[in-house]
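Engineer: Have a look at this one.
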Amino acid sequence: MASLPTCSTAELTPLLGLTANATAAADYICNRFTATSDKFTTTTYAIDSTYLLFSAYLVFAMQLGFAMLCAGSVRAKNTMNIMLTNVLDAAAGGLSYYIFGFAFAFGGPSNGFIGKHYFGLKSIPSAVYDYSFFLYQWAFAIAAAGITSGSIAERTQFVAYLIYSSFLTGFVYPIVSHWVWSSDGWASASRTSGSLLFGSGAIDFAGSGVVHMVGGIAGLWGALIEGPRIGRFDRSGRSVALRGHSASLVVLGTFLLWFGWYGFNPGSFVTISKSYNTSNDYYGQWSAVGRTAITTTLAGCTAALTTLFSKRLLVGHWNVTDVCNGLLGGFAAITSGCAVVDPWAAVICGFVASWVLTGCNILAEKYKYDDPLEAAQLHGGCGSWGLLFTGLFAKKQYVHEVYATGRPYGLFMGGGGKLLAAQVIQILVIFGWVSATMAPLFYALKKLNLLRVSKEDEMQGMDMTRHGGFAYIYHDEDGSSHPPPGFTMRKIEPASASPSPNHNV
Amino acid sequence: MASLSACNATELTPLLGSAANATAAAEYICTRFTNTSDSFTNITYAIDNTYLLFSAYLVFAMQLGFAMLCAGSVRAKNTMNIMLTNVLDAAAGGLSYYIFGFAFAFGVPSNGFIGKHHFGLKKVPNEDYDYSSFLYQWAFAIAAAGITSGSIAERTQFVAYLIYSSFLTGFVYPIVSHWVWSSDGWASASRTSGSLLFGSGAIDFAGSGVVHMVGGIAGLWGALIEGPRIGRFDRSGRSVALRGHSGSLVVLGTFLLWFGWYGFNPGSFLKILKSYDTSNTYYGQWSAVGRTAVTTTLAGCTAGLTTLFSRRLLVGHWNVTDVCNGLLGGLAAITSGCAVVEPWAAIVCGFIAAWVLIGFNKLAEKLKYDDPLEAAQLHGGCGAWGLLFTGLFAKQQYVHEVYAIGRPYGLFLGGGGKLFAAQIIQILVIIGWVSATMGPLFYIMMKLKLLRVSREDEMAGMDMTRHGGFAYVYHDEDDGSSHPPAGFTTRRIEPSGSGPTTINGSTNNVV
C-alpha cells in the first residue's frame with residue numbers, strides 16, 4: 001500500500017518534456033497533490049482526536065462505575081463518605097494533574113525518571129501532544145487514585161483522603177507512567193531517547209501495573225497501617241463478613257466499569273487511523289483496536305465464569321458480588337497485554353486471574369487483612385498476574401506492529417525470556433516505589449492522628465458524624481406528616497455503642 | 001497549507017504543450033483530482049456526523065443523570081413523580097421539537113426573531129443541516145425542560161408538567177436558541193443575514209443562557225407562583241431542610257451529567273474536521289474541541305473543590321450534596337465560554353461559580369424561596385455568571401478561530417466592552433422573554449387550579465396518590481416469614497385514612 005508521497009515540481013517538470021509550460025504544468029499538478037496530502041493530514045488528526053476524546057469520556061465514565069461499586073460494597077452508614085471521595089478524586093485530580101501531574105508524566109524531552117515540560121499545559125498543543133491526550137491521561141490518573149480509596153473505606157478521615165489522593169495523582173502515579181509510557185522512560189517499550197530495558201522495555205499497554213498495581217499497592221499500605229474495620233475479625237480470630245448495603249449498585253457499577261474499559265484498553269492506542277503497511281488494505285491499527293476490545297471482553301467473561309463456578313464449589317452458592325469482582329479482576333489482568341495477545345490467550349488470562357483473586361483473598365483472610373473492596377487483591381494481585389501473562393503470551397506480530405520489529409515477545413510463544421524479565425522488573429519496581437512513597441505517607445498520617453476515625457465515629461458511621469447525615473431517607477424526617485401506608489424503618493440497636501437518637505430512618 | 005482547488009482541464013491542457021493528447025492527458029489527470037476532492041468531501045461529512053451523533057447520545061445521557069439527581073434530591077414519596085416528568089420531558093419534547101420546535105429555532109432563512117422552515121423536518125437533510133443536527137438540538141431542548149421540573153418538584157400536578165414542558169420545549173426555548181444560535185438570529189455571533197449586535201453578537205457557545213438560564217428562570221417563576229413545599233419554612237419563618245432520599249442517586253446523577261457534558265460542550269462545535277490554516281498542521285478544530293473538554297473539566301473540578309472547603313467552613317462538615325451542586329454550577333457556568341477561553345481562565349470561572357451558587361442559595365433562603373433542586377440558583381445564577389465570564393475572559397485568537405476575525409473579545413484580555421455588553425443584553429433579554437412567557441403560563445395554571453396538588457396529596461406523597469404506589473418495595477407483599485438481620489427493620493404503619501393494600505414489613509438492604 002503506497003504512502004502519500006510529496007510532489008516536487010522540480011522532479012516532474014523534466015518528465016513532461018520540453019514544452020514551454022512544463023514548469024507551470026508541474027506546478028499545477030503538484031499543488032493539487034500537496035493539497036491532497038495536507039487534507040489527509042488534517043482528516044487523520046480529526047479522526048484520531050474523535051477516537052481519543054470519546055475514549056477519554058468512556059474512561060471518565062469508570063469514575064461513575066467505581067462510585068457505584070464502592071457505594072454498594074460498603075455499609076449504608078458510610079455511603080456519602082465513599083462517594084464524596086470518588087467525586088474528590090476526580091476534582092482534585094483535575095487540578096493537580098493539570099498543574100504538574102501531566103508534566104511529570106509526559107513532559108519530554110527530559111530524563112528516564114521524571115518529565116519537566118508542559119506544566120499547566122504550557123506549549124500544548126504541540127506536534128506530539130494535543131488536549132485530547134491530556135484529557136485521556138487525566139482520566140487514567142484519577143482511576144488510580146480511586147482504586148486506593150476502596151482499601152481504606154469505612155474508617156478513614158476525610159482529610160487523609162485529600163492528602164493521599166493529591167500526592168498519588170500528582171506525583172506517585174505520574175512518575176510510574178513516565179517510566180513505562182513516555183518516550184523517555186527507562187522502562188518504556190516506546191523509548192526513543194535511550195536504550196531499552198533488556199532490549200525490550202516493559203509492555204504494559206493500558207496499565208495493569210501503572211494504574212492497577214499502583215492503586216492496589218497504595219491501598220494495601222493504607223489498609224495495613226490503619227488496620228481492619230471494627231468487627232471484621234472477632235476476638236477468636238474468625239472473620240465476619242461486613243456485607244455491602246446494595247448488590248444492585250455493585251452489579252451496576254461493574255457493568256459501567258466494563259463499559260468504560262472499552263475506552264481504557266482499546267483507547268490506549270491513542271490513534272486509530274494508522275496503516276500497518278501490509279498487503280491487505282483492510283488490516284490496520286483499527287483492526288488492532290477492535291482486537292483489543294475483544295481480548296478485553298474475553299478475559300473479563302472468562303474470569304467471571306470461572307469465579308462463578310469456583311465459588312459455587314467453595315461456598316456453596318452462586319455469589320453475585322464475587323462474580324463481579326472476579327470479572328473486574330479479569331479486566332485488570334488483561335489490561336497489560338490486551339493489544340499484543342491473541343483472543344484465545346485472553347481466555348487463559350481471565351481463567352488464571354480468577355484463581356489469583358481467589359487465592360489472594362484467602363491469603364488476606366489468613367493474615368487478617370481487611371480491604372472492603374478487595375482492591376489490593378484485585379488490582380494489585382490480578383494486575384501483577386497481568387504483567388506476567390504478557391511476558392508469556394505476547395505475540396511476535398502484534399509486538400512488531402504496536403511497538404517495533406525485532407523486539408522480544410512472549411516466552412511461551414518462542415520469544416525468549418527478555419520481555420518476561422522486563423515485566424518482572426516492572427512489578428518489583430512498582431511495588432518498591434509505591435511502598436516507599438505511600439507507606440511513609442500513611443504512617444505519618446497515622447502518627448499525626450489524621451488517618452483513622454475514632455471508634456465512636458466508625459461505629460456510628462461517617463455519614464452521620466462527618467457528612468451531615470445518613471445517605472438514605474425513606475421516610476420524612478419531620479414526623480408531622482403521617483407516614484404513607486407501607487413501611488417505616490426502625491433501627492435495631494447494635495450490641496455496642498449506640499448511635500445518635502434523632503434519626504428514625 | 002494549500003487548499004484543494006478545482007482541477008480544470010481547460011486550464012491544464014495548454015500547460016501540457018502541443019502534444020497530440022494534451023487534452024486527453026489533462027482530462028485524465030483532472031478527473032482523478034476531482035474524484036479525490038469529492039471523496040474528501042464525503043469523508044468529511046462521515047467524520048463530522050459520527051462526531052455529532054455520538055455527542056448527541058452523550059447529551060441524551062444527561063437526561064439519565066438529571067433523572068438520578070432529581071430522584072435523589074426529593075423525598076422518597078415523590079420519586080416516581082419526578083422521574084416520570086424526566087421521561088416525559090424527553091418523550092413529549094421529541095414530538096414537539098420535531099413538529100415545530102426545530103423549525104422555530106433553525107428554520108432559516110427567515111428573520112431575526114423566529115424560524116419558519118423545516119417543520120416536521122421538511123427539506124432536511126440539506127446543505128446546512130442533517131438529521132444529526134436535529135437530534136443534537138433535540139437533546140439540548142429537552143435538557144432545558146428538565147431543569148425547570150426541578151424547581152417545581154414535589155408539589156406540582158402532572159398535567160401542569162405536560163403543559164409547561166411542551167410550551168417550553170416547543171416554543172419558548174426554540175425562540176431563544178434562534179436569537180443566539182441561528183444564522184439569522186438578532187443576537188447571534190454567527191449571524192450572516194444582518195448586522196451583529198454591537199458588532200459582536202453574544203457568545204453563548206453551548207448554552208449557559210440559552211439552556212441553563214431559560215430552564216432556571218422558568219423554574220423560578222413556577223416555584224414562586226406555587227409557593228414553597230409544606231413544611232419547608234415553619235411558622236416562625238425558620239427554614240427546615242427537606243432532605244432528599246438518596247445521596248447515592250445524587251452523586252451518581254452528578255457524575256452522569258458530568259459525563260454527558262462532554263457531548264454538551266465540545267459537541268457544540270458540530271464539526272471536528274476543520275483546518276485553522278495555521279503553519280502548524282497539528283492544530284485545527286480538533287484541538288479546540290479537546291481544549292473545550294479541558295476547560296469544561298477544570299471549571300467543574302474547581303467549583304467542586306471550592307464548594308467542598310467553603311461549605312466545610314460554613315456548615316462544619318463535608319457536605320456531599322453541596323459539592324455535587326457546586327460542581328454542576330461550575331459546569332453550567334463554563335458552558336458559555338468553554339470554547340473561547342484558556343484552561344487557567346476556566347479555573348477562575350469555576351471558583352466564582354461556586355460562590356455565586358452559595359450566594360444565591362442564601363438569598364433564596366432569606367426570601368423564603370423553595371427550589372428542591374436549587375435549579376433557579378444553579379442554572380439561572382451560574383448560567384448568568386457564565387455569560388458575564390465570557391465577556392471578560394474570551395481570548396482573541398479563539399474568538400477569531402471559532403467565530404470570525406476582527407471580533408470583540410474579553411474585556412480583561414484587552415478586547416473592549418462590546419462583547420461584554422452583548423452578554424449583558426443576552427442575560428436581560430432571556431430573563432425578560434422567559435418571564436413574559438412562562439410567568440403568565442404558570443399564573444394561569446394556578447388560577448385554573450391546575451398547578452399545585454392538594455395539601456393532602458402533598459403530605460401523602462404523589463407516588464401514592466397519583467402514580468399507583470410507592471417507588472420502593474423492599475419486602476415481598478405476601479409473606480412475613482423471614483426474620484430480619486441486625487440493622488434495620490421496617491414495620492407497617494396503619495394509615496389513618498383509607499389505605500392501599502397492607503404490606504408486611506421486614507428488613508431490607510437500603511437503596
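In the C-alpha cells, each chain is lettered A, B, ... as it comes, each chain's residues begin at 1, and ligands are numbered from 1 in order of appearance.
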From range 170-315 of chain A, collect each residue whose DSSP state is strand (DSSP E or B) and return the set as a list in words.

Structural biologist: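 After running DSSP on the backbone, range 170-315 of chain A has strand (DSSP E or B) at Ser188, Ala202, Phe233, Ser239, Ser275 and Gly284 of chain A.
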
Engineer: Export C-alpha atoms of the chosen residues as a short mmCIF file (atom, residue, chain, number, x, y, z; two decimals), in the first residue's frame?

Structural biologist:
```cif
data_model
loop_
_atom_site.label_atom_id
_atom_site.label_comp_id
_atom_site.auth_asym_id
_atom_site.auth_seq_id
_atom_site.Cartn_x
_atom_site.Cartn_y
_atom_site.Cartn_z
CA SER A 188 9.28 2.07 28.46
CA ALA A 202 8.19 -3.48 29.72
CA PHE A 233 -12.32 -10.14 62.77
CA SER A 239 -13.71 -13.47 60.05
CA SER A 275 -1.78 1.69 8.35
CA GLY A 284 -4.55 -1.66 10.03
#
```

Engineer: Apply DSSP to the structure's backbone, then extract all residues of range 182-395 of chain B labelled helix (DSSP H, G or I) and return them as a ChimeraX atom specification.

Structural biologist: /B:197-199,208-226,247-264,266-269,285-315,320-334,343-366,375-393

Engineer: Between A:Gly410, A:Pro14, A:Gly201, A:Gly244, which residue has the minimum interatomic distance to chain B, considering only C-alpha atoms?

Structural biologist: A:Gly244

Engineer: Which distance in Å separates CA of Ser132 in chain B and CA of Ala202 in chain B, to one decimal?

Structural biologist: 24.8 Å

Engineer: Leaving out Ile294 in chain A and any residue of its chain fewer than 5 positions from it, which residues lie within 12 Å of it when counting only C-alpha atoms, given as a compact mmCIF listing (two decimals) with N, CA and C atoms, in the first residue's frame?

Structural biologist:
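Saved as selection03.txt:
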```
# COMPACT_ATOMS: atom_id res chain seq x y z
N TRP A 261 -14.23 0.33 30.24
CA TRP A 261 -12.98 -0.34 29.91
C TRP A 261 -12.75 -0.34 28.40
N TYR A 262 -13.81 -0.16 27.63
CA TYR A 262 -13.65 -0.09 26.17
C TYR A 262 -12.99 1.22 25.74
N ASN A 265 -8.85 0.25 27.49
CA ASN A 265 -7.93 -0.62 26.78
C ASN A 265 -7.76 -0.26 25.30
N PRO A 266 -8.79 -0.38 24.47
CA PRO A 266 -8.58 -0.02 23.05
C PRO A 266 -8.14 1.43 22.87
N SER A 287 -7.93 -2.46 13.14
CA SER A 287 -8.16 -3.88 13.41
C SER A 287 -7.59 -4.24 14.78
N ALA A 288 -6.40 -3.72 15.06
CA ALA A 288 -5.78 -4.00 16.35
C ALA A 288 -6.63 -3.42 17.48
N VAL A 289 -7.22 -2.25 17.23
CA VAL A 289 -8.10 -1.64 18.22
C VAL A 289 -9.28 -2.56 18.50
N ALA A 299 -11.35 -11.82 28.39
CA ALA A 299 -10.71 -12.04 29.69
C ALA A 299 -11.71 -11.82 30.82
N GLY A 300 -12.50 -10.77 30.70
CA GLY A 300 -13.48 -10.50 31.74
C GLY A 300 -14.52 -11.60 31.82
N CYS A 301 -15.03 -12.00 30.67
CA CYS A 301 -16.05 -13.05 30.65
C CYS A 301 -15.53 -14.33 31.29
N PHE A 331 -10.43 -8.15 33.91
CA PHE A 331 -10.14 -6.92 33.16
C PHE A 331 -8.82 -6.31 33.59
N ILE A 334 -5.95 -8.34 31.98
CA ILE A 334 -5.74 -8.28 30.52
C ILE A 334 -5.27 -6.89 30.10
N THR A 335 -5.43 -5.92 30.97
CA THR A 335 -5.09 -4.55 30.64
C THR A 335 -3.64 -4.39 30.18
N CYS A 338 -3.48 -6.60 26.47
CA CYS A 338 -4.66 -6.66 25.61
C CYS A 338 -4.35 -6.42 24.14
N ALA A 339 -3.36 -5.60 23.84
CA ALA A 339 -3.09 -5.25 22.44
C ALA A 339 -2.17 -6.23 21.73
N VAL A 340 -1.48 -7.08 22.49
CA VAL A 340 -0.42 -7.89 21.88
C VAL A 340 -0.62 -9.38 22.03
N VAL A 341 -1.83 -9.80 22.42
CA VAL A 341 -2.08 -11.23 22.53
C VAL A 341 -3.27 -11.59 21.66
N ASP A 342 -3.36 -12.87 21.37
CA ASP A 342 -4.49 -13.38 20.61
C ASP A 342 -5.70 -13.56 21.52
N PRO A 343 -6.90 -13.54 20.95
CA PRO A 343 -8.09 -13.73 21.77
C PRO A 343 -8.07 -15.01 22.62
N TRP A 344 -7.59 -16.11 22.07
CA TRP A 344 -7.58 -17.35 22.88
C TRP A 344 -6.71 -17.18 24.12
N ALA A 345 -5.64 -16.41 23.99
CA ALA A 345 -4.76 -16.19 25.14
C ALA A 345 -5.48 -15.37 26.21
N ALA A 346 -6.35 -14.47 25.77
CA ALA A 346 -7.10 -13.66 26.73
C ALA A 346 -7.99 -14.55 27.59
N VAL A 347 -8.49 -15.63 27.01
CA VAL A 347 -9.30 -16.57 27.78
C VAL A 347 -8.47 -17.17 28.92
```

Engineer: Nearest to chain A among B:His400, B:Lys116, B:Arg407, B:Arg243, with distances taken over only C-alpha atoms: which residue is it?

Structural biologist: B:Arg243

Engineer: Mind checking which residues fall within 12 Å of Leu428 in chain B, counting only C-alpha atoms, ignoring those fewer than 3 positions away in the same chain, and posting them as a PyMOL selection string?

Structural biologist: chain B and resi 209+213-214+217+380+384+387-388+421-425+431-436

Engineer: For CA of Ala22 in chain A and CA of Thr13 in chain B, determine how far apart the two atoms are, in Å to one decimal place.

Structural biologist: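 Answer for the CA of Ala22 in chain A to CA of Thr13 in chain B separation: 11.1 Å.
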
Engineer: Please determine, counting only C-alpha atoms, which residue among A:Arg407, A:Thr50, A:Phe198, A:Cys324 has the shortest atom-to-atom distance to Ala421 in chain A.

Structural biologist: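 Smallest separation from Ala421 in chain A among the options: A:Phe198.
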